[in-house]
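Enquirer: PDB, C-alpha atoms and all ligand atoms, file my_file-v3.pdb:
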ATOM      1  CA  MET A1067     110.610 -21.938 170.835  1.00  0.00           C
ATOM      2  CA  GLY A1068     108.995 -19.349 168.543  1.00  0.00           C
ATOM      3  CA  PRO A1069     105.300 -18.480 168.689  1.00  0.00           C
ATOM      4  CA  MET A1070     104.758 -20.104 165.292  1.00  0.00           C
ATOM      5  CA  THR A1071     106.032 -23.478 166.470  1.00  0.00           C
ATOM      6  CA  GLU A1072     103.407 -26.191 166.341  1.00  0.00           C
ATOM      7  CA  ASP A1073     103.540 -28.583 169.239  1.00  0.00           C
ATOM      8  CA  THR A1074     103.421 -31.599 166.960  1.00  0.00           C
ATOM      9  CA  GLY A1075     105.972 -33.988 165.626  1.00  0.00           C
ATOM     10  CA  ALA A1076     106.983 -34.232 161.985  1.00  0.00           C
ATOM     11  CA  LEU A1077     108.775 -36.867 159.949  1.00  0.00           C
ATOM     12  CA  VAL A1078     110.755 -35.496 157.000  1.00  0.00           C
ATOM     13  CA  LEU A1079     111.396 -37.695 153.965  1.00  0.00           C
ATOM     14  CA  PHE A1080     115.069 -36.874 153.756  1.00  0.00           C
ATOM     15  CA  SER A1081     117.458 -37.905 150.985  1.00  0.00           C
ATOM     16  CA  GLY A1082     120.246 -35.416 151.630  1.00  0.00           C
ATOM     17  CA  GLY A1083     119.388 -33.578 148.409  1.00  0.00           C
ATOM     18  CA  GLN A1084     118.746 -29.877 148.021  1.00  0.00           C
ATOM     19  CA  ASP A1085     114.950 -30.110 148.192  1.00  0.00           C
ATOM     20  CA  SER A1086     114.675 -32.391 151.190  1.00  0.00           C
ATOM     21  CA  SER A1087     117.346 -30.360 153.022  1.00  0.00           C
ATOM     22  CA  VAL A1088     115.182 -27.252 152.626  1.00  0.00           C
ATOM     23  CA  CYS A1089     112.193 -29.315 153.795  1.00  0.00           C
ATOM     24  CA  LEU A1090     114.129 -30.339 156.894  1.00  0.00           C
ATOM     25  CA  ALA A1091     114.904 -26.691 157.661  1.00  0.00           C
ATOM     26  CA  TRP A1092     111.251 -25.756 157.056  1.00  0.00           C
ATOM     27  CA  ALA A1093     110.118 -28.466 159.482  1.00  0.00           C
ATOM     28  CA  LEU A1094     112.686 -27.515 162.154  1.00  0.00           C
ATOM     29  CA  ASP A1095     111.473 -23.933 161.964  1.00  0.00           C
ATOM     30  CA  ARG A1096     107.875 -25.050 162.433  1.00  0.00           C
ATOM     31  CA  TYR A1097     107.555 -28.148 164.586  1.00  0.00           C
ATOM     32  CA  ALA A1098     108.618 -28.950 168.122  1.00  0.00           C
ATOM     33  CA  ARG A1099     109.929 -32.379 167.212  1.00  0.00           C
ATOM     34  CA  VAL A1100     111.406 -33.434 163.876  1.00  0.00           C
ATOM     35  CA  GLU A1101     112.718 -36.819 162.822  1.00  0.00           C
ATOM     36  CA  THR A1102     114.065 -37.852 159.427  1.00  0.00           C
ATOM     37  CA  VAL A1103     113.640 -40.956 157.328  1.00  0.00           C
ATOM     38  CA  GLY A1104     115.715 -42.144 154.393  1.00  0.00           C
ATOM     39  CA  PHE A1105     115.238 -45.069 152.056  1.00  0.00           C
ATOM     40  CA  ASP A1106     117.924 -47.382 150.856  1.00  0.00           C
ATOM     41  CA  TYR A1107     116.518 -49.000 147.751  1.00  0.00           C
ATOM     42  CA  GLY A1108     119.846 -49.861 146.165  1.00  0.00           C
ATOM     43  CA  GLN A1109     120.714 -46.363 144.964  1.00  0.00           C
ATOM     44  CA  ARG A1110     123.840 -46.048 142.976  1.00  0.00           C
ATOM     45  CA  HIS A1111     125.586 -43.840 145.455  1.00  0.00           C
ATOM     46  CA  ALA A1112     126.750 -44.075 149.015  1.00  0.00           C
ATOM     47  CA  VAL A1113     127.533 -40.370 148.597  1.00  0.00           C
ATOM     48  CA  GLU A1114     123.816 -39.603 149.146  1.00  0.00           C
ATOM     49  CA  LEU A1115     123.819 -41.491 152.412  1.00  0.00           C
ATOM     50  CA  GLN A1116     126.852 -39.536 153.577  1.00  0.00           C
ATOM     51  CA  ALA A1117     125.195 -36.236 152.572  1.00  0.00           C
ATOM     52  CA  ARG A1118     122.227 -37.040 154.842  1.00  0.00           C
ATOM     53  CA  GLU A1119     124.425 -37.341 157.926  1.00  0.00           C
ATOM     54  CA  THR A1120     126.458 -34.256 157.120  1.00  0.00           C
ATOM     55  CA  VAL A1121     123.472 -32.011 156.347  1.00  0.00           C
ATOM     56  CA  ARG A1122     121.704 -33.024 159.573  1.00  0.00           C
ATOM     57  CA  ALA A1123     124.797 -32.458 161.710  1.00  0.00           C
ATOM     58  CA  LYS A1124     125.719 -29.125 160.129  1.00  0.00           C
ATOM     59  CA  MET A1125     122.173 -27.804 160.262  1.00  0.00           C
ATOM     60  CA  ALA A1126     122.027 -28.375 164.024  1.00  0.00           C
ATOM     61  CA  GLU A1127     125.435 -26.723 164.315  1.00  0.00           C
ATOM     62  CA  ALA A1128     124.695 -23.690 162.110  1.00  0.00           C
ATOM     63  CA  LEU A1129     121.261 -23.059 163.670  1.00  0.00           C
ATOM     64  CA  PRO A1130     121.615 -24.042 167.340  1.00  0.00           C
ATOM     65  CA  GLU A1131     117.999 -23.054 168.143  1.00  0.00           C
ATOM     66  CA  TRP A1132     116.923 -25.955 165.921  1.00  0.00           C
ATOM     67  CA  ALA A1133     119.272 -28.511 167.491  1.00  0.00           C
ATOM     68  CA  PRO A1134     117.011 -29.538 170.405  1.00  0.00           C
ATOM     69  CA  ARG A1135     114.129 -30.185 167.996  1.00  0.00           C
ATOM     70  CA  LEU A1136     116.082 -32.522 165.738  1.00  0.00           C
ATOM     71  CA  GLY A1137     115.345 -36.093 166.707  1.00  0.00           C
ATOM     72  CA  PRO A1138     116.673 -39.377 165.388  1.00  0.00           C
ATOM     73  CA  ASP A1139     117.259 -40.380 161.789  1.00  0.00           C
ATOM     74  CA  HIS A1140     115.769 -43.601 160.448  1.00  0.00           C
ATOM     75  CA  MET A1141     116.958 -45.572 157.454  1.00  0.00           C
ATOM     76  CA  LEU A1142     114.564 -48.067 155.912  1.00  0.00           C
ATOM     77  CA  GLU A1143     115.816 -50.732 153.575  1.00  0.00           C
ATOM     78  CA  LEU A1144     113.742 -51.121 150.388  1.00  0.00           C
ATOM     79  CA  HIS A1145     115.932 -53.245 148.136  1.00  0.00           C
ATOM     80  CA  GLY A1146     112.961 -55.330 147.057  1.00  0.00           C
ATOM     81  CA  PHE A1147     111.206 -52.262 145.725  1.00  0.00           C
ATOM     82  CA  GLY A1148     114.427 -51.094 144.102  1.00  0.00           C
ATOM     83  CA  ALA A1149     114.591 -54.368 142.215  1.00  0.00           C
ATOM     84  CA  ILE A1150     111.050 -53.893 140.853  1.00  0.00           C
ATOM     85  CA  GLY A1151     111.497 -50.269 139.915  1.00  0.00           C
ATOM     86  CA  GLU A1152     114.902 -50.595 138.331  1.00  0.00           C
ATOM     87  CA  THR A1153     115.525 -47.538 136.149  1.00  0.00           C
ATOM     88  CA  ALA A1154     118.268 -44.964 135.625  1.00  0.00           C
ATOM     89  CA  MET A1155     118.092 -44.121 139.345  1.00  0.00           C
ATOM     90  CA  THR A1156     119.014 -47.571 140.506  1.00  0.00           C
ATOM     91  CA  GLY A1157     120.346 -49.372 137.446  1.00  0.00           C
ATOM     92  CA  GLU A1158     122.589 -48.350 134.614  1.00  0.00           C
ATOM     93  CA  ARG A1159     120.089 -47.047 132.075  1.00  0.00           C
ATOM     94  CA  ALA A1160     120.751 -43.742 130.349  1.00  0.00           C
ATOM     95  CA  PHE A1161     118.861 -40.527 131.102  1.00  0.00           C
ATOM     96  CA  GLU A1162     116.154 -40.314 128.481  1.00  0.00           C
ATOM     97  CA  ILE A1163     112.451 -39.828 127.943  1.00  0.00           C
ATOM     98  CA  THR A1164     110.558 -43.092 127.733  1.00  0.00           C
ATOM     99  CA  SER A1165     107.736 -43.940 125.319  1.00  0.00           C
ATOM    100  CA  LYS A1166     105.228 -42.846 127.993  1.00  0.00           C
ATOM    101  CA  GLY A1167     106.791 -39.376 128.074  1.00  0.00           C
ATOM    102  CA  LEU A1168     108.327 -39.992 131.491  1.00  0.00           C
ATOM    103  CA  PRO A1169     112.007 -39.546 132.322  1.00  0.00           C
ATOM    104  CA  SER A1170     113.902 -42.823 132.684  1.00  0.00           C
ATOM    105  CA  THR A1171     114.776 -41.718 136.226  1.00  0.00           C
ATOM    106  CA  TYR A1172     111.134 -42.236 137.195  1.00  0.00           C
ATOM    107  CA  VAL A1173     110.596 -45.185 139.518  1.00  0.00           C
ATOM    108  CA  PRO A1174     106.898 -46.106 139.299  1.00  0.00           C
ATOM    109  CA  GLY A1175     105.017 -45.140 142.449  1.00  0.00           C
ATOM    110  CA  ARG A1176     108.162 -44.474 144.449  1.00  0.00           C
ATOM    111  CA  ASN A1177     106.688 -41.648 146.499  1.00  0.00           C
ATOM    112  CA  LEU A1178     103.598 -43.704 147.275  1.00  0.00           C
ATOM    113  CA  VAL A1179     105.771 -46.499 148.660  1.00  0.00           C
ATOM    114  CA  PHE A1180     107.977 -44.053 150.584  1.00  0.00           C
ATOM    115  CA  LEU A1181     104.932 -42.366 152.112  1.00  0.00           C
ATOM    116  CA  THR A1182     103.398 -45.673 153.164  1.00  0.00           C
ATOM    117  CA  TYR A1183     106.601 -46.679 154.949  1.00  0.00           C
ATOM    118  CA  ALA A1184     106.996 -43.179 156.389  1.00  0.00           C
ATOM    119  CA  ALA A1185     103.428 -43.195 157.710  1.00  0.00           C
ATOM    120  CA  ALA A1186     103.896 -46.581 159.377  1.00  0.00           C
ATOM    121  CA  LEU A1187     107.074 -45.285 161.022  1.00  0.00           C
ATOM    122  CA  ALA A1188     105.387 -41.992 162.005  1.00  0.00           C
ATOM    123  CA  ASP A1189     102.568 -43.969 163.606  1.00  0.00           C
ATOM    124  CA  ARG A1190     105.060 -45.895 165.732  1.00  0.00           C
ATOM    125  CA  ARG A1191     106.973 -42.711 166.610  1.00  0.00           C
ATOM    126  CA  GLY A1192     103.891 -40.637 167.467  1.00  0.00           C
ATOM    127  CA  LEU A1193     104.522 -38.142 164.654  1.00  0.00           C
ATOM    128  CA  THR A1194     101.534 -36.715 162.788  1.00  0.00           C
ATOM    129  CA  VAL A1195     103.008 -34.675 159.937  1.00  0.00           C
ATOM    130  CA  LEU A1196     104.828 -36.146 156.938  1.00  0.00           C
ATOM    131  CA  VAL A1197     106.989 -33.639 155.059  1.00  0.00           C
ATOM    132  CA  GLY A1198     108.197 -34.251 151.507  1.00  0.00           C
ATOM    133  CA  GLY A1199     109.974 -32.215 148.833  1.00  0.00           C
ATOM    134  CA  MET A1200     107.613 -33.121 146.011  1.00  0.00           C
ATOM    135  CA  CYS A1201     107.173 -30.296 143.542  1.00  0.00           C
ATOM    136  CA  GLU A1202     104.983 -29.649 140.539  1.00  0.00           C
ATOM    137  CA  THR A1203     106.655 -26.436 139.399  1.00  0.00           C
ATOM    138  CA  ASP A1204     109.961 -27.502 137.855  1.00  0.00           C
ATOM    139  CA  PHE A1205     107.931 -30.540 136.985  1.00  0.00           C
ATOM    140  CA  SER A1206     110.029 -33.560 136.110  1.00  0.00           C
ATOM    141  CA  GLY A1207     106.880 -35.328 134.978  1.00  0.00           C
ATOM    142  CA  TYR A1208     106.606 -37.677 137.928  1.00  0.00           C
ATOM    143  CA  PRO A1209     102.882 -38.366 138.468  1.00  0.00           C
ATOM    144  CA  ASP A1210     103.405 -39.259 142.136  1.00  0.00           C
ATOM    145  CA  CYS A1211     104.759 -35.743 142.795  1.00  0.00           C
ATOM    146  CA  ARG A1212     101.411 -34.157 141.947  1.00  0.00           C
ATOM    147  CA  ARG A1213      99.570 -32.605 144.873  1.00  0.00           C
ATOM    148  CA  GLU A1214      96.444 -34.391 143.709  1.00  0.00           C
ATOM    149  CA  SER A1215      98.216 -37.763 144.056  1.00  0.00           C
ATOM    150  CA  LEU A1216      99.381 -36.773 147.538  1.00  0.00           C
ATOM    151  CA  ASP A1217      95.901 -35.649 148.624  1.00  0.00           C
ATOM    152  CA  ALA A1218      94.596 -39.067 147.602  1.00  0.00           C
ATOM    153  CA  MET A1219      97.509 -40.717 149.397  1.00  0.00           C
ATOM    154  CA  GLU A1220      96.857 -38.725 152.574  1.00  0.00           C
ATOM    155  CA  ARG A1221      93.243 -39.885 152.545  1.00  0.00           C
ATOM    156  CA  ALA A1222      94.235 -43.502 151.895  1.00  0.00           C
ATOM    157  CA  LEU A1223      96.779 -43.464 154.742  1.00  0.00           C
ATOM    158  CA  ASN A1224      94.333 -41.895 157.179  1.00  0.00           C
ATOM    159  CA  LEU A1225      91.597 -44.343 156.309  1.00  0.00           C
ATOM    160  CA  GLY A1226      93.886 -47.355 156.187  1.00  0.00           C
ATOM    161  CA  MET A1227      95.798 -46.562 159.393  1.00  0.00           C
ATOM    162  CA  ALA A1228      92.936 -44.905 161.305  1.00  0.00           C
ATOM    163  CA  GLN A1229      95.154 -41.864 161.687  1.00  0.00           C
ATOM    164  CA  ASP A1230      95.104 -38.133 161.151  1.00  0.00           C
ATOM    165  CA  PHE A1231      98.299 -37.573 159.174  1.00  0.00           C
ATOM    166  CA  ARG A1232      98.989 -34.455 157.155  1.00  0.00           C
ATOM    167  CA  ILE A1233     101.281 -34.631 154.144  1.00  0.00           C
ATOM    168  CA  GLU A1234     103.034 -31.264 153.903  1.00  0.00           C
ATOM    169  CA  THR A1235     104.824 -30.324 150.673  1.00  0.00           C
ATOM    170  CA  PRO A1236     106.335 -26.867 151.222  1.00  0.00           C
ATOM    171  CA  LEU A1237     108.082 -26.835 147.833  1.00  0.00           C
ATOM    172  CA  MET A1238     105.069 -27.895 145.774  1.00  0.00           C
ATOM    173  CA  TRP A1239     104.511 -24.556 144.020  1.00  0.00           C
ATOM    174  CA  LEU A1240     108.026 -23.110 144.185  1.00  0.00           C
ATOM    175  CA  THR A1241     110.603 -22.869 141.412  1.00  0.00           C
ATOM    176  CA  LYS A1242     114.099 -24.073 142.259  1.00  0.00           C
ATOM    177  CA  ALA A1243     115.182 -20.412 142.565  1.00  0.00           C
ATOM    178  CA  GLU A1244     112.351 -19.813 145.052  1.00  0.00           C
ATOM    179  CA  THR A1245     113.444 -22.897 147.004  1.00  0.00           C
ATOM    180  CA  TRP A1246     116.837 -21.240 147.559  1.00  0.00           C
ATOM    181  CA  ALA A1247     115.044 -18.046 148.583  1.00  0.00           C
ATOM    182  CA  LEU A1248     112.985 -20.059 151.089  1.00  0.00           C
ATOM    183  CA  ALA A1249     116.195 -21.511 152.537  1.00  0.00           C
ATOM    184  CA  LYS A1250     117.589 -18.013 152.933  1.00  0.00           C
ATOM    185  CA  GLY A1251     114.409 -16.846 154.655  1.00  0.00           C
ATOM    186  CA  LEU A1252     114.544 -19.776 157.065  1.00  0.00           C
ATOM    187  CA  GLY A1253     118.196 -19.770 158.018  1.00  0.00           C
ATOM    188  CA  GLY A1254     119.953 -16.917 156.217  1.00  0.00           C
ATOM    189  CA  GLU A1255     123.318 -17.256 154.503  1.00  0.00           C
ATOM    190  CA  PRO A1256     124.594 -20.004 156.843  1.00  0.00           C
ATOM    191  CA  LEU A1257     121.740 -22.279 155.752  1.00  0.00           C
ATOM    192  CA  VAL A1258     122.138 -21.420 152.066  1.00  0.00           C
ATOM    193  CA  ASP A1259     125.881 -22.082 152.329  1.00  0.00           C
ATOM    194  CA  LEU A1260     125.511 -25.437 154.030  1.00  0.00           C
ATOM    195  CA  ILE A1261     122.872 -26.679 151.589  1.00  0.00           C
ATOM    196  CA  LEU A1262     125.021 -25.497 148.693  1.00  0.00           C
ATOM    197  CA  GLU A1263     128.103 -27.181 150.105  1.00  0.00           C
ATOM    198  CA  GLU A1264     126.759 -30.405 151.632  1.00  0.00           C
ATOM    199  CA  SER A1265     123.481 -31.415 149.973  1.00  0.00           C
ATOM    200  CA  HIS A1266     123.768 -33.880 147.136  1.00  0.00           C
ATOM    201  CA  THR A1267     121.495 -33.915 144.081  1.00  0.00           C
ATOM    202  CA  CYS A1268     123.568 -35.331 141.182  1.00  0.00           C
ATOM    203  CA  TYR A1269     122.161 -38.564 139.744  1.00  0.00           C
ATOM    204  CA  ARG A1270     125.685 -39.740 138.970  1.00  0.00           C
ATOM    205  CA  GLY A1271     126.894 -39.257 142.537  1.00  0.00           C
ATOM    206  CA  GLU A1272     129.822 -37.077 141.493  1.00  0.00           C
ATOM    207  CA  ARG A1273     131.358 -34.706 144.017  1.00  0.00           C
ATOM    208  CA  GLU A1274     134.664 -33.914 142.370  1.00  0.00           C
ATOM    209  CA  ALA A1275     133.887 -30.623 140.635  1.00  0.00           C
ATOM    210  CA  ARG A1276     132.637 -27.658 142.723  1.00  0.00           C
ATOM    211  CA  HIS A1277     130.396 -25.410 140.643  1.00  0.00           C
ATOM    212  CA  ALA A1278     128.776 -22.122 141.722  1.00  0.00           C
ATOM    213  CA  TRP A1279     125.663 -24.198 142.606  1.00  0.00           C
ATOM    214  CA  GLY A1280     127.454 -26.971 144.488  1.00  0.00           C
ATOM    215  CA  TYR A1281     128.956 -30.347 143.602  1.00  0.00           C
ATOM    216  CA  GLY A1282     127.923 -32.621 140.753  1.00  0.00           C
ATOM    217  CA  CYS A1283     128.638 -33.854 137.244  1.00  0.00           C
ATOM    218  CA  GLY A1284     126.990 -30.773 135.755  1.00  0.00           C
ATOM    219  CA  THR A1285     125.270 -32.618 132.906  1.00  0.00           C
ATOM    220  CA  CYS A1286     122.660 -34.979 134.380  1.00  0.00           C
ATOM    221  CA  PRO A1287     119.045 -33.693 134.631  1.00  0.00           C
ATOM    222  CA  ALA A1288     119.341 -33.130 138.397  1.00  0.00           C
ATOM    223  CA  CYS A1289     122.517 -31.055 138.026  1.00  0.00           C
ATOM    224  CA  GLU A1290     120.999 -29.021 135.185  1.00  0.00           C
ATOM    225  CA  LEU A1291     117.907 -28.236 137.248  1.00  0.00           C
ATOM    226  CA  ARG A1292     119.998 -27.307 140.271  1.00  0.00           C
ATOM    227  CA  ALA A1293     122.291 -25.074 138.180  1.00  0.00           C
ATOM    228  CA  ARG A1294     119.351 -23.233 136.575  1.00  0.00           C
ATOM    229  CA  GLY A1295     117.689 -22.726 139.963  1.00  0.00           C
ATOM    230  CA  TRP A1296     120.844 -21.325 141.518  1.00  0.00           C
ATOM    231  CA  GLU A1297     121.407 -18.963 138.578  1.00  0.00           C
ATOM    232  CA  GLY A1298     117.828 -17.720 138.914  1.00  0.00           C
ATOM    233  CA  PHE A1299     118.253 -17.192 142.664  1.00  0.00           C
ATOM    234  CA  VAL A1300     121.532 -15.312 142.271  1.00  0.00           C
ATOM    235  CA  ALA A1301     120.124 -13.146 139.466  1.00  0.00           C
ATOM    236  CA  GLU A1302     117.172 -12.110 141.652  1.00  0.00           C
ATOM    237  CA  GLU A1303     119.432 -11.480 144.650  1.00  0.00           C
ATOM    238  CA  ARG A1304     121.815  -9.187 142.808  1.00  0.00           C
ATOM    239  CA  PRO A1305     120.952  -5.594 143.656  1.00  0.00           C
ATOM    240  CA  VAL A1306     119.670  -3.711 140.643  1.00  0.00           C
ATOM    241  CA  MET A1307     121.307  -0.341 140.244  1.00  0.00           C
ATOM    242  CA  ARG A1308     119.075   2.286 138.685  1.00  0.00           C
ATOM    243  CA  PRO A1309     120.818   4.761 136.395  1.00  0.00           C
ATOM    244  CA  SER A1310     119.232   7.643 138.342  1.00  0.00           C
ATOM    245  CA  ALA A1311     120.888   6.384 141.542  1.00  0.00           C
ATOM    246  CA  VAL A1312     124.352   6.623 140.030  1.00  0.00           C
ATOM    247  CA  LYS A1313     126.044   9.877 140.953  1.00  0.00           C
ATOM    248  CA  ALA A1314     127.724  11.624 138.075  1.00  0.00           C
TER     249      ALA A1314
HETATM  250 ZN    ZN A1401     124.890 -34.706 137.882  1.00  0.00          ZN
END
Taking this structure as input, can you express it in the form of structure tokens?
Expert:
Amino acid sequence: MGPMTEDTGALVLFSGGQDSSVCLAWALDRYARVETVGFDYGQRHAVELQARETVRAKMAEALPEWAPRLGPDHMLELHGFGAIGETAMTGERAFEITSKGLPSTYVPGRNLVFLTYAAALADRRGLTVLVGGMCETDFSGYPDCRRESLDAMERALNLGMAQDFRIETPLMWLTKAETWALAKGLGGEPLVDLILEESHTCYRGEREARHAWGYGCGTCPACELRARGWEGFVAEERPVMRPSAVKA
């Protein structure tokens, strides 16, 4: 166990997507005990549920020093909430911007509900840190991804549950390219490769075409964001050759 490891337990909100996979790696690098929680609210795609299992298993395999820290996975059923929040994520609506300027993929208050369930589970499991992939940088316009919303949520949970939870959001101020760079810093190429190969982000649940940035339809907002992030990461990684360094 490294000197930086905190002797506390963390619960990672884990969907099997790129962001929450990096969050899982971040937590495994940092905490002595890490469990994961996923939410089944009637998503369109079983492919996401499969990605969760595969990413967890391959992460423990690729980075054996993390394996003993990885505890159980929990899946909470939230079909009732899914029925209320029916949008492009859960129903069959198109990807568009609504009259309120929010993407149609936005499910009102989803992160607040997830965090409430996660906190109740963490309380039962004796875990004190909640880790989520919320991000304001490549901002999709979701108000419950704002750090300010999460600070308020943390306070509400601690007051309401007489607890001392911390909501950690390691990706909050990173671009998608920087998220890849964080993955590389945490677990090197093996971690980058497994997140590229096994994490699932596409809203349409497609895994037929393999692009440079992973699998997906390539045209939904999630695929576009992932593609741009990967391109940015690769562009920054490429060694820059200075003309003066080139021997004549
Ligand atoms: Zn897609």
Enquirer: Between A:Gly1199, A:Gly1226, A:Pro1287, A:Pro1256, which has the minimum distance to ligand ZN 1401 (chain A) (counting all atoms listed in the file)?
Expert: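 Closest to ligand ZN 1401 (chain A) of all the choices is A:Pro1287.
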Enquirer: Find the distance between atom CA of A:Val1088 and atom CA of A:Thr1267 and write it in Å to one decimal.
Expert: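 Spanning atom CA of A:Val1088 to atom CA of A:Thr1267 is a straight-line distance of 12.5 Å.
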Enquirer: Any residue with an atom at most 6 Å from ligand ZN 1401 (chain A) counts, using all atoms listed in the file. Which are they? Put them as number ranges by chain.
Expert: A: 1268-1270, 1282-1286, 1288-1289
Enquirer: Please determine, counting all atoms listed in the file, which residue among A:Glu1143, A:Glu1302, A:Asp1230, A:Glu1244 has the shortest atom-to-atom distance to A:Tyr1107.
Expert: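 Looking only at the distances to A:Tyr1107, the closest residue turns out to be A:Glu1143.
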Enquirer: Translate the PyMOL selection byres (((chain A and resi 1232) around 7) and not hetatm) into a concrete residue list for this structure, as a PDB file with C-alpha atoms, keeping the file's coordinate frame.
Expert:
ATOM      1  CA  THR A1194     101.534 -36.715 162.788  1.00  0.00           C
ATOM      2  CA  VAL A1195     103.008 -34.675 159.937  1.00  0.00           C
ATOM      3  CA  LEU A1196     104.828 -36.146 156.938  1.00  0.00           C
ATOM      4  CA  GLU A1220      96.857 -38.725 152.574  1.00  0.00           C
ATOM      5  CA  ASP A1230      95.104 -38.133 161.151  1.00  0.00           C
ATOM      6  CA  PHE A1231      98.299 -37.573 159.174  1.00  0.00           C
ATOM      7  CA  ILE A1233     101.281 -34.631 154.144  1.00  0.00           C
ATOM      8  CA  GLU A1234     103.034 -31.264 153.903  1.00  0.00           C
TER       9      GLU A1234
END
Enquirer: Compare A:Ser1265, A:Lys1250, A:Val1100, A:Arg1190 by their minimum atom-to-atom distance to A:Ser1086, counting only C-alpha atoms, and give me the closest one.
Expert: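 So, comparing all the options, the nearest one is A:Ser1265.
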Enquirer: Residues picked by the PyMOL selection byres (((chain A and resi 1175) around 9) and not hetatm) here, as a compact mmCIF listing (two decimals) with C-alpha atoms, in the frame of the given file?
Expert:
# COMPACT_ATOMS: atom_id res chain seq x y z
CA GLY A 1151 111.50 -50.27 139.92
CA TYR A 1172 111.13 -42.24 137.20
CA VAL A 1173 110.60 -45.18 139.52
CA PRO A 1174 106.90 -46.11 139.30
CA ARG A 1176 108.16 -44.47 144.45
CA ASN A 1177 106.69 -41.65 146.50
CA LEU A 1178 103.60 -43.70 147.28
CA VAL A 1179 105.77 -46.50 148.66
CA PHE A 1180 107.98 -44.05 150.58
CA TYR A 1208 106.61 -37.68 137.93
CA PRO A 1209 102.88 -38.37 138.47
CA ASP A 1210 103.40 -39.26 142.14
Enquirer: Find the spatial neighbours of stretch 1297-1299 of chain A, counting all atoms listed in the file, within a cut-off of 9 Å - ignore same-chain residues fewer than 6 positions away - and output them as number ranges by chain.
Expert: A: 1242-1247, 1278-1279
Enquirer: Work out how far atom CA of A:Leu1077 is from atom CA of A:Leu1262, in Å to one decimal.
Expert: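 Distance reported for this atom pair: 22.8 Å.
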Enquirer: Could you tell me how far atom CA of A:Leu1142 lies from atom CA of A:Gln1116, in Å and to one decimal?
Expert: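 Computing the Euclidean distance for atom CA of A:Leu1142 and atom CA of A:Gln1116 yields 15.1 Å.
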Enquirer: Would you write out, as a VMD selection string, every residue that the PyMOL selection byres (((chain A and resi 1257) around 10) and not hetatm) captures in this file?
Expert: chain A and resid 1087 to 1088 1091 1121 1124 to 1125 1128 to 1129 1246 1249 to 1256 1258 to 1263
Enquirer: Emit as lines of an AutoDock Vina configuration file the padded axis-aligned box for all listed atoms of stretch 1143-1148 of chain A, 4 Å per side, with centre and edge lengths in Å to one decimal.
Expert:
center_x = 113.6
center_y = -53.0
center_z = 148.8
size_x = 12.7
size_y = 12.6
size_z = 17.5
Enquirer: May I ask which of the residues A:Glu1101, A:Glu1290, A:Asp1189, A:Cys1201 is the closest one to A:Met1227, counting only C-alpha atoms?
Expert: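 Closest residue, counting only C-alpha atoms: A:Asp1189.
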Enquirer: Given only C-alpha atoms as the basis, pick out the residue of A:Gly1271, A:Gly1295, A:Gly1207, A:Pro1138 nearest to A:Asp1085.
Expert: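 Between A:Gly1271, A:Gly1295, A:Gly1207, A:Pro1138, the residue approaching A:Asp1085 most closely is A:Gly1295.
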Enquirer: Got a sec: who's within 7 Å of A:Leu1079, counting only C-alpha atoms, leaving out chain neighbours fewer than 3 positions off, as a PyMOL selection string?
Expert: chain A and resi 1086+1102-1104+1197-1198
Enquirer: Produce a file of the selected residues containing C-alpha atoms, as a PDB file, keeping the file's coordinate frame.
Expert:
ATOM      1  CA  SER A1086     114.675 -32.391 151.190  1.00  0.00           C
ATOM      2  CA  THR A1102     114.065 -37.852 159.427  1.00  0.00           C
ATOM      3  CA  VAL A1103     113.640 -40.956 157.328  1.00  0.00           C
ATOM      4  CA  GLY A1104     115.715 -42.144 154.393  1.00  0.00           C
ATOM      5  CA  VAL A1197     106.989 -33.639 155.059  1.00  0.00           C
ATOM      6  CA  GLY A1198     108.197 -34.251 151.507  1.00  0.00           C
TER       7      GLY A1198
END
Enquirer: When you look at A:Asp1073 with a cut-off of 8 Å (counting all atoms listed in the file), what residues show up, excluding the ones that are within fewer than 3 positions of it in the same chain? I need them as a list in words.
Expert: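 Everything that qualifies: Tyr1097, Ala1098 and Arg1099 of chain A.
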Enquirer: Select, from A:Glu1114, A:Asp1217, A:Asp1106, A:Asp1095, the residue with the minimum atom-to-atom distance to A:Pro1130, counting all atoms listed in the file.
Expert: A:Asp1095
Enquirer: With 8 Å as the threshold, what does the neighbourhood of (112.6, -24.3, 168.5) contain in terms of residues, counting only C-alpha atoms? Coordinates are those of the file; answer as a short mmCIF file (atom, residue, chain, number, x, y, z; two decimals) with C-alpha atoms, in the coordinates of the input.
Expert:
data_model
loop_
_atom_site.label_atom_id
_atom_site.label_comp_id
_atom_site.auth_asym_id
_atom_site.auth_seq_id
_atom_site.Cartn_x
_atom_site.Cartn_y
_atom_site.Cartn_z
CA MET A 1067 110.61 -21.94 170.84
CA GLY A 1068 109.00 -19.35 168.54
CA THR A 1071 106.03 -23.48 166.47
CA LEU A 1094 112.69 -27.52 162.15
CA ASP A 1095 111.47 -23.93 161.96
CA ARG A 1096 107.88 -25.05 162.43
CA TYR A 1097 107.56 -28.15 164.59
CA ALA A 1098 108.62 -28.95 168.12
CA GLU A 1131 118.00 -23.05 168.14
CA TRP A 1132 116.92 -25.96 165.92
CA ALA A 1133 119.27 -28.51 167.49
CA PRO A 1134 117.01 -29.54 170.40
CA ARG A 1135 114.13 -30.18 168.00
#
Enquirer: Considering all atoms listed in the file, return as an MDAnalysis selection string whatever protein or nucleic-acid residues lie within 8 Å of A:Tyr1281, sequence-local ones (same chain, fewer than 5 positions apart) excluded.
Expert: chainID A and resid 1263 1266 1268 1272:1276
